[in-house]
Amino acid sequence: TLFNGQIAIPMVSKSHCTYDLAGNIWYGNSSLGLYKYDIKSEKLSHFPKNGSDPSSPTSDSITTLGIDSKGFIWVMNSACKLEKIDGQTGKVIMRKSFPRFSDHNYKLFIHSDDLIWIFDKNQGSGVFTFDSKTDTVENYREGNAKIQLPKNMVAAITEDESKNIWIGTDHGGLLVYNKTTGTNNVVTNQPLNPRGLSGNSIYCMYRDSDGFIWI
């Protein structure tokens with residue numbers, strides 16, 4: 001259970017959580033939907049799908065979530081809808097649809113400039129970006145001149161202290177993309193280099209509080 005026993009987690013479900021700008025915990029589950037835990041009041045709020053309310057989430061099956069620099073919560077669900085949610089009311093204030101696949105499992109990463117990067121390792125669909133300011137979606141795959149993915153199977157994305165985008169792929173190693181200069185640097189395993197990648201299949205990445213990126 002979570003939050004002093006207020007949520008019983010189904011055994012076969014997947015969970016995702018993050019913190020908002022006030023330190024409150026946002027929790028999404030693949031079966032239970034979206035919750036907010038207020039750390040000051042210790043109040044738990046649930047924002048479930050409500051078919052009669054168009055401002056409620058489209059689905060209670062959440063595959064990923066994140067917080068942008070203004071405190072809005074972005075949620076991707078199994079209906080392949082990206083939804084922008086007001087952190088105070090829990091209401092959906094923007095929606096964007098993405099391609100549906102037979103076994104979709106979208107993940108997202110929000111850059112410090114609030115550009116949203118969306119990917120699904122299972123599909124080999126490269127990476128999508130969504131600019132909420134212009135309502136624009138771009139899809140980058142192998143062969144694209146701007147973002148030169150070594151493989152279309154993207155498994156993880158993060159950002160370093162210089163605001164470069166790190167894209168981890170399956171069997172393609174790592175792409176470091178400099179948004180300012182537009183340069184692409186692909187890092188792969190080199191058997192004779194003891195300080196290189198240990199393998200070219202990257203499953204997850206995490207940037208710690210000291211700025212180090214763990215792969």
# chains A, B, ... in the order shown; residues from 1 in each chain; ligands from 1
>>> residues_around(residues="stretch 199-215 of chain A", least_positions_apart="3", cutoff="8 Å", atoms="only C-alpha atoms", output="mmCIF file with all heavy atoms, in the first residue's frame")
data_model
loop_
_atom_site.group_PDB
_atom_site.id
_atom_site.type_symbol
_atom_site.label_atom_id
_atom_site.label_comp_id
_atom_site.auth_asym_id
_atom_site.auth_seq_id
_atom_site.Cartn_x
_atom_site.Cartn_y
_atom_site.Cartn_z
ATOM 1 N N ALA A 155 14.962 3.876 -25.656
ATOM 2 C CA ALA A 155 14.566 3.305 -24.373
ATOM 3 C C ALA A 155 14.606 4.301 -23.224
ATOM 4 O O ALA A 155 13.957 4.082 -22.193
ATOM 5 C CB ALA A 155 15.472 2.117 -24.033
ATOM 6 N N ALA A 156 15.376 5.396 -23.352
ATOM 7 C CA ALA A 156 15.504 6.335 -22.240
ATOM 8 C C ALA A 156 15.995 7.673 -22.753
ATOM 9 O O ALA A 156 16.752 7.737 -23.738
ATOM 10 C CB ALA A 156 16.482 5.788 -21.202
ATOM 11 N N ILE A 157 15.559 8.748 -22.104
ATOM 12 C CA ILE A 157 16.002 10.099 -22.448
ATOM 13 C C ILE A 157 16.218 10.889 -21.161
ATOM 14 O O ILE A 157 15.430 10.790 -20.222
ATOM 15 C CB ILE A 157 14.975 10.837 -23.339
ATOM 16 C CG1 ILE A 157 14.773 10.091 -24.663
ATOM 17 C CG2 ILE A 157 15.428 12.266 -23.616
ATOM 18 C CD1 ILE A 157 13.770 10.749 -25.591
ATOM 19 N N THR A 158 17.284 11.679 -21.125
ATOM 20 C CA THR A 158 17.504 12.595 -20.015
ATOM 21 C C THR A 158 18.247 13.821 -20.533
ATOM 22 O O THR A 158 18.487 13.963 -21.741
ATOM 23 C CB THR A 158 18.258 11.918 -18.851
ATOM 24 O OG1 THR A 158 18.205 12.764 -17.695
ATOM 25 C CG2 THR A 158 19.709 11.635 -19.208
ATOM 26 N N GLU A 159 18.614 14.717 -19.625
ATOM 27 C CA GLU A 159 19.244 15.993 -19.977
ATOM 28 C C GLU A 159 20.424 16.215 -19.050
ATOM 29 O O GLU A 159 20.345 15.927 -17.857
ATOM 30 C CB GLU A 159 18.200 17.110 -19.800
ATOM 31 C CG GLU A 159 18.721 18.519 -19.917
ATOM 32 C CD GLU A 159 17.649 19.560 -19.592
ATOM 33 O OE1 GLU A 159 16.510 19.168 -19.262
ATOM 34 O OE2 GLU A 159 17.955 20.762 -19.662
ATOM 35 N N ASP A 160 21.544 16.725 -19.580
ATOM 36 C CA ASP A 160 22.689 16.997 -18.718
ATOM 37 C C ASP A 160 22.670 18.451 -18.250
ATOM 38 O O ASP A 160 21.752 19.221 -18.586
ATOM 39 C CB ASP A 160 24.004 16.614 -19.395
ATOM 40 C CG ASP A 160 24.326 17.442 -20.644
ATOM 41 O OD1 ASP A 160 23.815 18.571 -20.769
ATOM 42 O OD2 ASP A 160 25.095 16.944 -21.488
ATOM 43 N N GLU A 161 23.689 18.838 -17.500
ATOM 44 C CA GLU A 161 23.718 20.188 -16.920
ATOM 45 C C GLU A 161 23.872 21.276 -17.973
ATOM 46 O O GLU A 161 23.573 22.438 -17.714
ATOM 47 C CB GLU A 161 24.855 20.278 -15.899
ATOM 48 C CG GLU A 161 24.599 19.454 -14.639
ATOM 49 C CD GLU A 161 25.667 19.647 -13.599
ATOM 50 O OE1 GLU A 161 26.861 19.554 -13.967
ATOM 51 O OE2 GLU A 161 25.329 19.884 -12.423
ATOM 52 N N GLY A 168 19.142 7.237 -25.080
ATOM 53 C CA GLY A 168 19.646 5.875 -25.013
ATOM 54 C C GLY A 168 18.827 4.957 -25.890
ATOM 55 O O GLY A 168 17.589 4.984 -25.858
ATOM 56 N N THR A 169 19.502 4.149 -26.704
ATOM 57 C CA THR A 169 18.809 3.271 -27.637
ATOM 58 C C THR A 169 19.134 1.805 -27.356
ATOM 59 O O THR A 169 20.093 1.487 -26.662
ATOM 60 C CB THR A 169 19.191 3.582 -29.096
ATOM 61 O OG1 THR A 169 20.554 3.189 -29.330
ATOM 62 C CG2 THR A 169 19.033 5.067 -29.388
ATOM 63 N N ASP A 170 18.335 0.942 -27.927
ATOM 64 C CA ASP A 170 18.572 -0.496 -27.845
ATOM 65 C C ASP A 170 19.401 -0.921 -29.062
ATOM 66 O O ASP A 170 18.970 -0.766 -30.200
ATOM 67 C CB ASP A 170 17.237 -1.240 -27.820
ATOM 68 C CG ASP A 170 17.401 -2.722 -27.519
ATOM 69 O OD1 ASP A 170 18.543 -3.165 -27.310
ATOM 70 O OD2 ASP A 170 16.389 -3.435 -27.502
ATOM 71 N N HIS A 171 20.630 -1.394 -28.810
ATOM 72 C CA HIS A 171 21.577 -1.859 -29.836
ATOM 73 C C HIS A 171 22.209 -0.724 -30.643
ATOM 74 O O HIS A 171 22.931 -0.994 -31.605
ATOM 75 C CB HIS A 171 20.924 -2.857 -30.811
ATOM 76 C CG HIS A 171 20.660 -4.191 -30.197
ATOM 77 N ND1 HIS A 171 19.533 -4.435 -29.421
ATOM 78 C CD2 HIS A 171 21.354 -5.348 -30.224
ATOM 79 C CE1 HIS A 171 19.550 -5.684 -29.016
ATOM 80 N NE2 HIS A 171 20.654 -6.266 -29.478
ATOM 81 N N GLY A 172 21.982 0.531 -30.224
ATOM 82 C CA GLY A 172 22.583 1.645 -30.955
ATOM 83 C C GLY A 172 23.448 2.547 -30.103
ATOM 84 O O GLY A 172 24.010 3.524 -30.600
ATOM 85 N N GLY A 173 23.557 2.227 -28.815
ATOM 86 C CA GLY A 173 24.343 3.064 -27.934
ATOM 87 C C GLY A 173 23.621 4.343 -27.543
ATOM 88 O O GLY A 173 22.384 4.389 -27.465
ATOM 89 N N LEU A 174 24.390 5.404 -27.365
ATOM 90 C CA LEU A 174 23.902 6.671 -26.821
ATOM 91 C C LEU A 174 24.094 7.801 -27.823
ATOM 92 O O LEU A 174 25.152 7.922 -28.436
ATOM 93 C CB LEU A 174 24.673 6.985 -25.532
ATOM 94 C CG LEU A 174 24.454 8.345 -24.880
ATOM 95 C CD1 LEU A 174 23.053 8.433 -24.269
ATOM 96 C CD2 LEU A 174 25.515 8.590 -23.811
ATOM 97 N N THR A 188 29.286 4.700 -28.496
ATOM 98 C CA THR A 188 29.022 3.265 -28.536
ATOM 99 C C THR A 188 30.094 2.496 -27.771
ATOM 100 O O THR A 188 31.116 3.060 -27.375
ATOM 101 C CB THR A 188 28.983 2.747 -29.992
ATOM 102 O OG1 THR A 188 30.214 3.064 -30.631
ATOM 103 C CG2 THR A 188 27.824 3.379 -30.753
ATOM 104 N N ASN A 189 29.840 1.218 -27.592
ATOM 105 C CA ASN A 189 30.808 0.345 -26.933
ATOM 106 C C ASN A 189 32.053 0.186 -27.794
ATOM 107 O O ASN A 189 31.977 -0.059 -28.989
ATOM 108 C CB ASN A 189 30.170 -1.026 -26.683
ATOM 109 C CG ASN A 189 31.191 -2.046 -26.202
ATOM 110 O OD1 ASN A 189 31.609 -2.896 -26.967
ATOM 111 N ND2 ASN A 189 31.566 -1.957 -24.955
#
>>> select_by_dssp(residues="stretch 111-203 of chain A", states="strand (DSSP E or B)", output="PyMOL selection string")
chain A and resi 116-119+127-131+136-140+154-159+165-169+174-177+184-187
>>> residues_around(residues="A:Ile147", least_positions_apart="3", cutoff="7 Å", atoms="only C-alpha atoms", output="tab-separated table (two decimals) with N, CA, C and O atoms, in the first residue's frame")
chain	number	residue	atom	x	y	z
A	140	TYR	N	11.26	11.93	-35.11
A	140	TYR	CA	12.62	11.75	-35.61
A	140	TYR	C	12.97	10.27	-35.60
A	140	TYR	O	12.80	9.58	-34.58
A	144	ASN	N	17.24	10.86	-40.15
A	144	ASN	CA	16.87	12.26	-40.05
A	144	ASN	C	18.13	13.12	-39.90
A	144	ASN	O	19.05	12.77	-39.17
A	184	ASN	N	25.35	16.27	-33.22
A	184	ASN	CA	25.00	14.94	-32.73
A	184	ASN	C	26.29	14.18	-32.44
A	184	ASN	O	27.19	14.13	-33.29
>>> atom_distance(atom1="atom CA of A:Gly33", atom2="atom CA of A:Phe119")
20.6 Å
>>> residues_around(residues="A:Met153", least_positions_apart="3", cutoff="8 Å", atoms="only C-alpha atoms", output="PyMOL selection string")
chain A and resi 120-126+169-170
>>> write_last_selection(atoms="all heavy atoms", output="compact mmCIF listing (two decimals), in the first residue's frame")
# COMPACT_ATOMS: atom_id res chain seq x y z
N ASP A 120 8.70 5.15 -27.41
CA ASP A 120 8.16 3.83 -27.09
C ASP A 120 9.12 2.78 -27.62
O ASP A 120 9.18 2.51 -28.82
CB ASP A 120 6.78 3.65 -27.72
CG ASP A 120 6.10 2.35 -27.32
OD1 ASP A 120 6.80 1.45 -26.83
OD2 ASP A 120 4.88 2.23 -27.50
N LYS A 121 9.91 2.23 -26.72
CA LYS A 121 10.94 1.26 -27.12
C LYS A 121 10.34 0.07 -27.85
O LYS A 121 10.94 -0.49 -28.78
CB LYS A 121 11.71 0.79 -25.89
CG LYS A 121 12.73 -0.30 -26.18
CD LYS A 121 13.30 -0.88 -24.90
CE LYS A 121 14.14 -2.10 -25.18
NZ LYS A 121 14.61 -2.76 -23.96
N ASN A 122 9.14 -0.35 -27.45
CA ASN A 122 8.54 -1.55 -28.03
C ASN A 122 8.26 -1.42 -29.52
O ASN A 122 8.19 -2.42 -30.24
CB ASN A 122 7.24 -1.90 -27.31
CG ASN A 122 7.45 -2.27 -25.86
OD1 ASN A 122 8.54 -2.65 -25.47
ND2 ASN A 122 6.40 -2.16 -25.06
N GLN A 123 8.09 -0.19 -30.00
CA GLN A 123 7.62 0.01 -31.36
C GLN A 123 8.71 0.39 -32.36
O GLN A 123 8.50 0.33 -33.56
CB GLN A 123 6.53 1.09 -31.38
CG GLN A 123 5.37 0.80 -30.47
CD GLN A 123 4.73 -0.55 -30.77
OE1 GLN A 123 4.68 -0.99 -31.92
NE2 GLN A 123 4.25 -1.24 -29.74
N GLY A 124 9.88 0.81 -31.86
CA GLY A 124 10.91 1.26 -32.78
C GLY A 124 10.47 2.46 -33.60
O GLY A 124 10.78 2.58 -34.79
N SER A 125 9.73 3.35 -32.96
CA SER A 125 9.16 4.51 -33.66
C SER A 125 10.02 5.76 -33.53
O SER A 125 9.55 6.87 -33.79
CB SER A 125 7.75 4.79 -33.12
OG SER A 125 7.77 4.90 -31.71
N GLY A 126 11.28 5.60 -33.11
CA GLY A 126 12.13 6.76 -32.94
C GLY A 126 11.70 7.59 -31.74
O GLY A 126 11.31 7.06 -30.71
N THR A 169 19.50 4.15 -26.70
CA THR A 169 18.81 3.27 -27.64
C THR A 169 19.13 1.80 -27.36
O THR A 169 20.09 1.49 -26.66
CB THR A 169 19.19 3.58 -29.10
OG1 THR A 169 20.55 3.19 -29.33
CG2 THR A 169 19.03 5.07 -29.39
N ASP A 170 18.33 0.94 -27.93
CA ASP A 170 18.57 -0.50 -27.84
C ASP A 170 19.40 -0.92 -29.06
O ASP A 170 18.97 -0.77 -30.20
CB ASP A 170 17.24 -1.24 -27.82
CG ASP A 170 17.40 -2.72 -27.52
OD1 ASP A 170 18.54 -3.17 -27.31
OD2 ASP A 170 16.39 -3.43 -27.50
>>> atom_distance(atom1="atom CA of A:Phe3", atom2="atom CA of A:Ser31")
17.0 Å
>>> closest_residue(among="A:Lys14, A:Asp53, A:Ile73, A:Gln190", to="A:Asn105", atoms="only C-alpha atoms")
A:Lys14
>>> atom_distance(atom1="atom CA of A:Leu197", atom2="atom CA of A:Thr129")
26.3 Å
>>> closest_atom_pairs(of="stretch 1-54 of chain A", to="stretch 84-88 of chain A", cutoff="10 Å", atoms="only C-alpha atoms", output="CSV")
residue,atom,partner,partner_atom,distance
A:Asp20,CA,A:Gly87,CA,8.1
A:Leu21,CA,A:Gly87,CA,9.7
A:Asn24,CA,A:Gly87,CA,9.7
A:Trp26,CA,A:Gly87,CA,9.3
A:Lys36,CA,A:Gly87,CA,8.6
>>> write_last_selection(atoms="N, CA, C and O atoms", output="short mmCIF file (atom, residue, chain, number, x, y, z; two decimals), in the first residue's frame")
data_model
loop_
_atom_site.label_atom_id
_atom_site.label_comp_id
_atom_site.auth_asym_id
_atom_site.auth_seq_id
_atom_site.Cartn_x
_atom_site.Cartn_y
_atom_site.Cartn_z
N ASP A 20 5.87 17.69 -7.75
CA ASP A 20 5.62 18.99 -8.37
C ASP A 20 6.48 20.06 -7.71
O ASP A 20 7.32 19.76 -6.84
N LEU A 21 6.30 21.31 -8.09
CA LEU A 21 7.15 22.39 -7.62
C LEU A 21 6.99 22.67 -6.12
O LEU A 21 7.88 23.25 -5.50
N ASN A 24 4.74 18.20 -3.65
CA ASN A 24 3.67 17.21 -3.58
C ASN A 24 3.97 16.04 -4.52
O ASN A 24 4.62 16.21 -5.55
N TRP A 26 2.91 13.21 -7.15
CA TRP A 26 1.91 12.80 -8.15
C TRP A 26 2.20 11.35 -8.50
O TRP A 26 3.31 11.00 -8.87
N LYS A 36 -2.83 12.68 -6.36
CA LYS A 36 -1.94 13.71 -5.83
C LYS A 36 -1.92 13.59 -4.31
O LYS A 36 -2.97 13.55 -3.67
#
>>> residues_around(residues="A:Leu34", least_positions_apart="5", cutoff="8 Å", atoms="only C-alpha atoms", output="compact mmCIF listing (two decimals) with C-alpha atoms, in the first residue's frame")
# COMPACT_ATOMS: atom_id res chain seq x y z
CA TRP A 26 1.91 12.80 -8.15
CA TYR A 27 1.31 9.10 -8.57
CA GLY A 28 0.05 7.35 -11.68
CA ASN A 29 -0.87 3.70 -11.99
CA HIS A 46 -7.83 11.04 -6.88
CA PHE A 47 -8.49 12.25 -10.43
CA PRO A 48 -10.19 9.33 -12.19
CA ASP A 60 -7.12 5.43 -15.78
CA ILE A 62 -1.28 5.71 -17.07
